[in-house]
Structures are given as structure tokens and as C-alpha cells.
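Coordinates as given in upload03.txt (compact mmCIF, C-alpha atoms):
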# COMPACT_ATOMS: atom_id res chain seq x y z
CA MET E 234 146.24 104.24 96.12
CA LEU E 235 146.45 100.50 95.59
CA GLY E 236 149.92 99.88 96.98
CA ALA E 237 149.49 101.20 100.53
CA PRO E 238 146.65 98.97 101.78
CA THR E 239 148.09 95.89 100.10
CA LEU E 240 151.48 96.49 101.71
CA SER E 241 149.75 96.73 105.09
CA ALA E 242 147.80 93.55 104.39
CA ASN E 243 150.84 91.58 103.23
CA ALA E 244 152.77 92.76 106.29
CA ALA E 245 149.89 91.71 108.55
CA MET E 246 149.88 88.22 107.06
CA ARG E 247 153.67 87.89 107.26
CA SER E 248 153.68 88.92 110.92
CA GLY E 249 151.13 86.39 112.08
CA ALA E 250 147.58 87.39 111.18
CA GLY E 251 145.34 84.41 110.50
CA LEU E 252 143.06 86.38 108.19
CA CYS E 253 143.28 89.86 106.72
CA ARG E 254 140.54 91.64 104.80
CA ILE E 255 141.04 94.71 102.62
CA ALA E 256 138.23 97.25 102.34
CA GLY E 257 138.42 99.15 99.06
CA PRO E 258 136.35 100.59 96.21
CA LYS E 259 134.51 97.90 94.24
CA GLU E 260 136.22 98.78 90.96
CA LEU E 261 139.72 98.59 92.49
CA LEU E 262 139.31 95.66 94.86
CA PRO E 263 140.22 92.92 92.31
CA GLN E 264 143.55 94.63 91.63
CA MET E 265 144.21 94.94 95.36
CA LEU E 266 143.59 91.23 95.87
CA VAL E 267 146.02 90.40 93.08
CA LEU E 268 148.67 92.35 95.03
CA CYS E 269 147.71 90.50 98.22
CA PRO E 270 146.17 87.17 97.19
CA THR E 271 146.16 85.84 100.76
CA ALA E 272 143.66 88.52 101.82
CA THR E 273 139.95 88.68 101.18
CA GLY E 274 138.10 91.82 100.16
CA PHE E 275 135.20 94.02 101.14
CA ALA E 276 133.73 96.43 98.60
CA LEU E 277 133.21 99.81 100.18
CA PRO E 278 129.72 101.22 99.60
CA ALA E 279 129.55 104.46 97.65
CA ARG E 280 127.87 106.51 100.38
CA ASP E 281 126.51 104.36 103.22
CA VAL E 282 128.90 103.90 106.16
CA LYS E 283 126.70 101.39 108.00
CA PRO E 284 127.92 98.29 106.07
CA LEU E 285 131.52 99.28 106.78
CA LEU E 286 130.79 99.59 110.51
CA GLU E 287 129.17 96.15 110.53
CA PHE E 288 132.17 94.77 108.63
CA ALA E 289 134.61 96.41 111.07
CA ASP E 290 132.88 94.79 114.05
CA LEU E 291 133.81 91.35 112.71
CA HIS E 292 137.53 91.98 113.21
CA ASP E 293 139.92 91.92 116.14
CA ALA E 294 141.80 95.05 115.00
CA LEU E 295 141.71 97.64 112.23
CA VAL E 296 144.32 99.55 110.25
CA VAL E 297 142.77 102.74 108.92
CA GLY E 298 144.34 105.23 106.54
CA PRO E 299 146.87 103.73 104.09
CA GLY E 300 145.84 104.72 100.57
CA LEU E 301 142.50 106.07 101.81
CA GLY E 302 142.47 109.56 100.32
CA MET E 303 140.86 112.61 101.93
CA GLY E 304 137.54 112.98 100.14
CA PRO E 305 134.25 113.67 101.95
CA PHE E 306 133.34 109.97 102.25
CA ALA E 307 136.81 109.10 103.56
CA ARG E 308 136.42 111.80 106.22
CA ARG E 309 133.05 110.41 107.20
CA MET E 310 134.42 106.86 107.39
CA VAL E 311 137.24 107.88 109.76
CA ILE E 312 134.90 109.86 112.00
CA GLU E 313 132.25 107.12 112.11
CA LEU E 314 134.77 104.34 112.78
CA LEU E 315 136.23 106.28 115.69
CA GLU E 316 132.84 107.15 117.11
CA ARG E 317 131.08 103.81 116.66
CA HIS E 318 133.70 101.05 116.50
CA PRO E 319 135.05 100.41 120.01
CA GLY E 320 137.81 97.98 119.07
CA PRO E 321 141.57 98.63 118.77
CA MET E 322 142.85 100.31 115.64
CA VAL E 323 145.91 101.84 114.04
CA LEU E 324 145.48 105.24 112.42
CA ASP E 325 148.08 106.01 109.75
CA ALA E 326 148.61 108.14 106.66
CA ASP E 327 145.39 109.77 105.41
CA ALA E 328 143.48 108.87 108.59
CA LEU E 329 145.94 111.10 110.46
CA ASN E 330 145.63 113.81 107.81
CA ILE E 331 141.85 113.67 108.11
CA LEU E 332 142.02 114.03 111.89
CA SER E 333 144.34 117.01 111.48
CA SER E 334 141.93 118.69 109.05
CA LEU E 335 138.83 118.44 111.25
CA GLU E 336 137.23 121.45 112.81
CA SER E 337 136.85 121.37 116.57
CA SER E 338 133.15 120.55 116.28
CA GLU E 339 133.90 117.59 113.98
CA TRP E 340 136.21 115.67 116.31
CA PRO E 341 134.92 112.15 116.98
CA GLN E 342 133.36 111.52 120.38
CA ARG E 343 135.11 108.23 121.15
CA ARG E 344 134.63 106.62 124.54
CA ASP E 345 138.07 105.00 124.73
CA TRP E 346 141.04 106.53 122.91
CA SER E 347 143.58 104.38 124.74
CA ASN E 348 143.21 101.49 122.27
CA VAL E 349 144.00 103.73 119.29
CA VAL E 350 147.59 103.80 117.98
CA LEU E 351 148.66 106.88 116.01
CA THR E 352 151.68 106.44 113.72
CA PRO E 353 152.75 109.90 112.51
CA HIS E 354 156.04 110.97 111.03
CA MET E 355 157.23 114.43 112.07
CA VAL E 356 155.20 116.40 109.52
CA GLU E 357 152.02 114.52 110.46
CA PHE E 358 152.88 115.01 114.12
CA MET E 359 153.05 118.79 113.68
CA ARG E 360 149.67 118.84 111.92
CA LEU E 361 148.08 116.75 114.67
CA MET E 362 149.52 118.92 117.43
CA ALA E 363 148.26 122.04 115.66
CA ALA E 364 144.79 120.50 115.42
CA VAL E 365 144.74 119.46 119.08
CA THR E 366 145.97 122.90 120.14
CA LYS E 367 143.34 124.57 118.00
CA ARG E 368 140.68 122.41 119.58
CA GLY E 369 141.73 123.76 122.95
CA THR E 370 140.94 120.67 125.00
CA SER E 371 142.30 117.21 125.50
CA LEU E 372 140.66 114.21 123.88
CA ALA E 373 141.81 112.24 126.88
CA ALA E 374 139.94 114.63 129.18
CA ASP E 375 136.81 114.41 127.05
CA SER E 376 136.75 110.62 126.87
CA ALA E 377 138.01 109.68 130.30
CA GLY E 378 136.72 112.59 132.35
CA ARG E 379 140.13 113.77 133.49
CA ALA E 380 142.52 116.52 132.61
CA PRO E 381 145.75 115.54 130.88
CA ASP E 382 147.81 116.71 133.85
CA ASP E 383 146.25 113.89 135.86
CA ALA E 384 148.55 111.56 133.95
CA ALA E 385 151.83 113.40 134.04
CA PRO E 386 154.62 111.56 132.22
CA THR E 387 156.97 109.63 134.43
CA GLY E 388 159.86 109.55 131.96
CA ARG E 389 160.00 105.76 132.33
CA SER E 390 160.32 103.14 129.68
CA LEU E 391 157.47 101.05 128.37
CA VAL E 392 159.85 98.10 128.56
CA ASP E 393 159.51 96.10 131.76
CA ASP E 394 162.86 94.33 131.73
CA GLU E 395 166.44 95.45 131.29
CA PRO E 396 167.19 97.95 128.49
CA SER E 397 167.08 96.30 125.09
CA THR E 398 166.15 97.30 121.57
CA ALA E 399 163.24 99.52 122.55
CA ASP E 400 164.43 101.07 125.74
CA GLY E 401 163.91 104.37 127.42
CA ILE E 402 164.56 104.13 131.16
CA PRO E 403 164.08 100.77 132.93
CA LEU E 404 160.71 100.47 134.64
CA ASP E 405 162.14 100.50 138.12
CA ASP E 406 161.17 102.45 141.22
CA GLU E 407 164.73 102.65 142.49
CA PRO E 408 166.23 106.17 142.51
CA ALA E 409 169.31 104.83 140.77
CA ALA E 410 167.23 104.16 137.65
CA ALA E 411 166.17 107.77 137.41
CA ALA E 412 169.72 108.95 138.00
CA ALA E 413 170.96 106.78 135.16
CA ALA E 414 168.39 108.07 132.67
CA PRO E 415 170.68 110.18 130.44
CA ALA E 416 172.95 107.20 129.73
CA VAL E 417 170.15 105.24 128.07
CA ALA E 418 169.92 107.67 125.17
CA GLU E 419 173.63 107.58 124.40
CA PRO E 420 173.45 106.27 120.80
CA ALA E 421 170.03 107.73 120.08
CA ASP E 422 170.00 111.43 120.88
CA VAL E 423 167.59 112.23 118.06
CA GLY E 424 165.09 109.66 119.29
CA SER E 425 165.36 110.71 122.90
CA ASP E 426 164.89 114.35 122.03
CA ARG E 427 161.61 113.41 120.37
CA SER E 428 160.33 111.37 123.30
CA ALA E 429 158.87 114.50 124.91
CA LEU E 430 157.03 115.28 121.68
CA ALA E 431 155.55 111.80 121.46
CA GLU E 432 154.48 111.98 125.12
CA LEU E 433 152.90 115.38 124.50
CA LEU E 434 150.70 114.12 121.67
CA SER E 435 149.85 110.96 123.59
CA ARG E 436 148.73 112.93 126.63
CA ALA E 437 146.74 115.34 124.48
CA THR E 438 144.88 112.60 122.63
CA GLY E 439 144.83 109.68 125.07
CA CYS E 440 146.24 107.47 122.30
CA VAL E 441 149.45 105.48 122.02
CA VAL E 442 151.77 107.44 119.73
CA VAL E 443 154.41 105.98 117.44
CA LEU E 444 156.54 108.93 116.33
CA LYS E 445 158.33 107.50 113.32
CA GLY E 446 161.85 108.25 112.17
CA ALA E 447 165.37 107.32 113.20
CA ASN E 448 165.00 105.75 116.66
CA THR E 449 161.21 105.67 116.55
CA VAL E 450 159.59 106.70 119.84
CA VAL E 451 156.56 104.94 121.33
CA ALA E 452 154.68 106.78 124.09
CA ASP E 453 151.50 106.08 126.04
CA GLY E 454 151.31 109.42 127.86
CA GLN E 455 153.13 108.23 130.97
CA ARG E 456 156.04 106.16 129.68
CA PHE E 457 158.03 105.89 126.48
CA GLY E 458 160.27 103.51 124.57
CA ILE E 459 162.94 104.25 121.98
CA ASN E 460 163.50 101.70 119.23
CA ARG E 461 167.07 100.70 118.34
CA THR E 462 166.44 98.57 115.24
CA GLY E 463 166.22 99.85 111.69
CA ASN E 464 168.52 101.65 109.26
CA PRO E 465 168.52 104.50 106.71
CA ALA E 466 167.78 102.12 103.82
CA MET E 467 164.26 101.78 105.23
CA ALA E 468 163.47 105.41 104.38
CA THR E 469 161.55 104.30 101.33
CA GLY E 470 157.97 104.54 100.11
CA GLY E 471 155.62 102.03 101.73
CA SER E 472 157.75 101.29 104.78
CA GLY E 473 155.22 103.03 107.03
CA ASP E 474 152.36 101.03 105.53
CA VAL E 475 154.26 97.86 106.41
CA LEU E 476 154.68 99.06 110.00
CA SER E 477 150.93 99.72 110.32
CA GLY E 478 150.17 96.17 109.22
CA VAL E 479 152.61 94.71 111.74
CA ILE E 480 151.21 96.75 114.65
CA GLY E 481 147.67 95.87 113.54
CA THR E 482 148.51 92.17 113.68
CA PHE E 483 149.90 92.45 117.22
CA LEU E 484 146.76 94.35 118.28
CA ALA E 485 144.68 91.52 116.82
CA GLN E 486 146.72 89.04 118.87
CA SER E 487 145.47 90.79 122.03
CA PHE E 488 148.65 92.65 122.93
CA LYS E 489 147.94 95.89 124.72
CA PRO E 490 148.25 98.90 122.39
CA ALA E 491 151.58 100.09 123.82
CA GLN E 492 152.98 96.55 123.70
CA ALA E 493 151.77 96.05 120.13
CA ALA E 494 153.39 99.32 119.11
CA LEU E 495 156.71 98.51 120.79
CA LEU E 496 156.85 95.03 119.33
CA GLY E 497 155.77 96.33 115.94
CA VAL E 498 158.47 98.98 115.58
CA HIS E 499 161.14 96.59 116.87
CA VAL E 500 160.24 93.73 114.51
CA HIS E 501 159.74 96.11 111.59
CA GLY E 502 163.18 97.64 112.13
CA LEU E 503 164.80 94.25 112.60
CA ALA E 504 163.27 92.99 109.33
CA GLY E 505 164.71 96.08 107.67
CA ASP E 506 168.13 95.32 109.14
CA LEU E 507 167.99 91.75 107.85
CA ALA E 508 166.90 92.97 104.41
CA ALA E 509 169.67 95.56 104.25
CA LYS E 510 172.26 92.98 105.24
CA ALA E 511 171.06 90.54 102.59
CA ILE E 512 170.72 93.10 99.81
CA GLY E 513 173.74 95.22 100.62
CA GLY E 514 172.33 98.26 102.41
CA VAL E 515 171.10 100.09 99.29
CA GLY E 516 167.88 99.58 97.37
CA VAL E 517 165.77 98.08 100.16
CA VAL E 518 162.07 98.46 99.34
CA ALA E 519 158.97 97.88 101.42
CA THR E 520 158.36 94.41 100.01
CA ASP E 521 161.87 93.40 101.15
CA ILE E 522 160.95 94.37 104.69
CA ILE E 523 157.80 92.24 104.45
CA ALA E 524 159.82 89.26 103.20
CA TYR E 525 162.05 89.33 106.29
CA LEU E 526 159.30 89.78 108.88
CA PRO E 527 158.99 86.03 109.64
CA SER E 528 162.78 85.76 110.17
CA ALA E 529 162.76 88.84 112.41
CA ILE E 530 159.95 87.42 114.54
CA LYS E 531 161.52 83.97 114.71
CA SER E 532 164.84 85.45 115.90
CA GLN E 533 163.04 86.99 118.89
CA MET E 534 161.38 83.71 119.85
CA ALA E 535 164.59 81.71 120.29

Would you write out, as C-alpha cells, the structure that this file holds?
Amino acid sequence: MLGAPTLSANAAMRSGAGLCRIAGPKELLPQMLVLCPTATGFALPARDVKPLLEFADLHDALVVGPGLGMGPFARRMVIELLERHPGPMVLDADALNILSSLESSEWPQRRDWSNVVLTPHMVEFMRLMAAVTKRGTSLAADSAGRAPDDAAPTGRSLVDDEPSTADGIPLDDEPAAAAAAPAVAEPADVGSDRSALAELLSRATGCVVVLKGANTVVADGQRFGINRTGNPAMATGGSGDVLSGVIGTFLAQSFKPAQAALLGVHVHGLAGDLAAKAIGGVGVVATDIIAYLPSAIKSQMA
């Protein structure tokens, strides 16, 4: 699908990437670059994964999955990238569906899962959890040599300062912080209820999990954050592809995966709020969100 990767690429450029490259089929790449003229392209080989791996190693971060499809070569690409490319990456859309469809013996043997960000919506989350359960072991245990219970969730926020737009519970060792935990979720019961689910998948995989939806939850297996920006008008095709591009850019700027995910969902939601306010709250599309990303980022730098 042409739209998904170009939305991610445009979002990456609008959120601060210096250079973005789109990998796509040779016959479709010219059309992709028309949709994102600020990006450059890489023609995917028909069968050989090695050139893609060499191409991936040239980049600070990857976004894998938008518009990819689920054919045999796409499956092989996802597996090989996870096994052989050590850098940070966002897995979205069909990359998540491919992971969910793998047999236990096919799961990638990645050394470090902690620099992988998964961005499922609830349906994708359920498929991933079913796949992890079927596998019967934790990816985190396989890659880091520890059982998932060694990193029991603390129920603390990923945000280090006072509660703000992406807050769970303040990162504070004082007992009073723990006692005040229920109050933090006051306007976001749906998001808080899903924090345990996001933590569960994060602990099972060793990845940072962005569980998308109203009050998106970000979890790293020990702590979580709940996003407060965004609005119902953003429930439109391509919005998730935009989010992947934003998170990918922050990964490329050397933010830690959990930080990149928190910043990404906050800025993405804020851009959606600005777009809805300007347009009138109805008819916001993914390209509107992209257009307001620079304003959203600038407003946080004041």
C-alpha cells in the first residue's frame, strides 16, 4: 500500500528527521517518492534480503511494517531485520501481524529486544499476546537470560517529573506517591485500565509497547505512561502510520525507546488537537496531523 509508508516518511520529516529513505518495490517506488518528495528511495530486491540489511545498517532508526503486506518475502524481511539488524526500530501494522502469525520455531533470535517499539491497537495486541502465549516462553527471557518475573512492574510512570500529558504515577520513591496512584487516572479510566495489558506484553517481549487508542498507554515492562493528548477525530486511516514516523524520528535522535514512544504519542496527539481545533473537530485526516507536527513540537519547546 503506497499511502502508509509515505505517511510515515512525511511524519518523520515533519517531526525533525534530517533524512528519510523509503524502501519499496522498484515498480512502486517512483509513486511513493511523489507522495513524499523530501524522501529518497531504496528499491527492494525481489528475493535477496542481504541488500536490505546493508541498507538498514546505514540508518539511525527503522520503521518497519506500514504498507508492507504479509507475503513470504515480507515475512522473511521482518524476521531477518530483527535477527540481524541491532539498531532501534518501530514495528507497526503488518510487521506486528507477521510476528503474530509466526510459529514458535520461527520467532527471531534477537539479542536486544529493549530497543524495539511495538505499536499495536487492541486487535493487534490480542494477536500478539496469543502468539507469545502459544510460544510458551518470554522473548525477554530468551534474549536477556532472565525470566520475566525478574522485572516485575512497579506501577510507576515513565515520566520523571510532575504529572503532565503522559502521566501514570510520578516516579517518586515516597509512599505518598503510591497512595495517590488512583487519582492520576481520574479523566482516563479507559487508558489506565489498559496499562496492565501494555505492561504484560512489554514484559513478555522485552519491548517498549505503545498500546494505541483513547489515552494511549506506553509501557517498558516496569513503568508506564498514559497519554492525555489527542481526540476522537484522529480515529482515521493513516493516523497510526503518522505516529510510527514520529516515534521513529525520536529514536533516530537518540532518545531512549521509552522516551521516544512517550514523546511521540504526546506530540502526535497534540498535533491532532491543533488540527481538530483549526478544522472544526470533524474531517481531520492523517495529512492534517502531519501538517501540525512542527507547531506541536514548537509549543513544547517554549

Centre and edges of the region 483-490 of chain E box, axis-aligned, 5 Å extra per side, as AutoDock Vina command-line options:
--center_x 147.3 --center_y 94.0 --center_z 120.8 --size_x 15.2 --size_y 19.9 --size_z 17.9

*Of the listed residues E:Ala509, E:Ala491, E:Ala466, E:Val349, that which approaches Thr438 (chain E) most closely, counting all atoms listed in the file*: E:Val349

*Separation of CA of Asp325 (chain E) from CA of Val442 (chain E), in Å and rounded to one decimal*: 10.7 Å

*Tell me, in Å to one decimal, how far CA of Gly505 (chain E) is from CA of Ala256 (chain E).*
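Taking CA of Gly505 (chain E) as the start and CA of Ala256 (chain E) as the end point, the length is 27.0 Å.
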
*Quote the spacing between CA of Ala511 (chain E) and CA of Leu240 (chain E) in Å to one decimal place.*
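Calculated distance between CA of Ala511 (chain E) and CA of Leu240 (chain E) is 20.5 Å.
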
*For a cut-off of 10 Å around (131.5, 101.3, 98.2), file coordinates, pick out all residues using all atoms listed in the file and list them as a PyMOL selection string.*
chain E and resi 256-260+275-282+284-285+306

Have region 338-355 of chain E completed to N, CA and C atoms, please, and pass it along as a CSV table (one decimal), in the frame of the given file.
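Written output follows (selection-v8.csv):
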chain,number,residue,atom,x,y,z
E,338,SER,N,134.5,121.1,116.1
E,338,SER,CA,133.2,120.6,116.3
E,338,SER,C,133.0,119.2,115.6
E,339,GLU,N,134.0,118.8,114.7
E,339,GLU,CA,133.9,117.6,114.0
E,339,GLU,C,134.6,116.4,114.7
E,340,TRP,N,135.4,116.7,115.7
E,340,TRP,CA,136.2,115.7,116.3
E,340,TRP,C,135.3,114.5,116.8
E,341,PRO,N,135.7,113.3,116.5
E,341,PRO,CA,134.9,112.2,117.0
E,341,PRO,C,134.8,112.1,118.5
E,342,GLN,N,133.6,111.7,118.9
E,342,GLN,CA,133.4,111.5,120.4
E,342,GLN,C,133.6,110.0,120.7
E,343,ARG,N,134.8,109.6,120.9
E,343,ARG,CA,135.1,108.2,121.2
E,343,ARG,C,135.2,108.0,122.7
E,344,ARG,N,134.6,106.9,123.1
E,344,ARG,CA,134.6,106.6,124.5
E,344,ARG,C,136.0,106.3,125.1
E,345,ASP,N,136.8,105.5,124.3
E,345,ASP,CA,138.1,105.0,124.7
E,345,ASP,C,139.1,105.2,123.6
E,346,TRP,N,140.0,106.2,123.9
E,346,TRP,CA,141.0,106.5,122.9
E,346,TRP,C,142.3,105.7,123.2
E,347,SER,N,142.3,105.0,124.3
E,347,SER,CA,143.6,104.4,124.7
E,347,SER,C,143.9,103.2,123.9
E,348,ASN,N,142.9,102.6,123.1
E,348,ASN,CA,143.2,101.5,122.3
E,348,ASN,C,143.4,101.9,120.8
E,349,VAL,N,143.7,103.2,120.6
E,349,VAL,CA,144.0,103.7,119.3
E,349,VAL,C,145.5,104.0,119.2
E,350,VAL,N,146.2,103.6,118.2
E,350,VAL,CA,147.6,103.8,118.0
E,350,VAL,C,147.7,104.8,116.8
E,351,LEU,N,148.4,105.9,117.1
E,351,LEU,CA,148.7,106.9,116.0
E,351,LEU,C,150.1,106.7,115.5
E,352,THR,N,150.3,106.7,114.2
E,352,THR,CA,151.7,106.4,113.7
E,352,THR,C,152.2,107.6,112.8
E,353,PRO,N,152.3,108.8,113.4
E,353,PRO,CA,152.8,109.9,112.5
E,353,PRO,C,154.3,110.0,112.3
E,354,HIS,N,154.7,110.5,111.1
E,354,HIS,CA,156.0,111.0,111.0
E,354,HIS,C,156.0,112.4,111.5
E,355,MET,N,157.2,113.1,111.4
E,355,MET,CA,157.2,114.4,112.1
E,355,MET,C,156.3,115.4,111.5
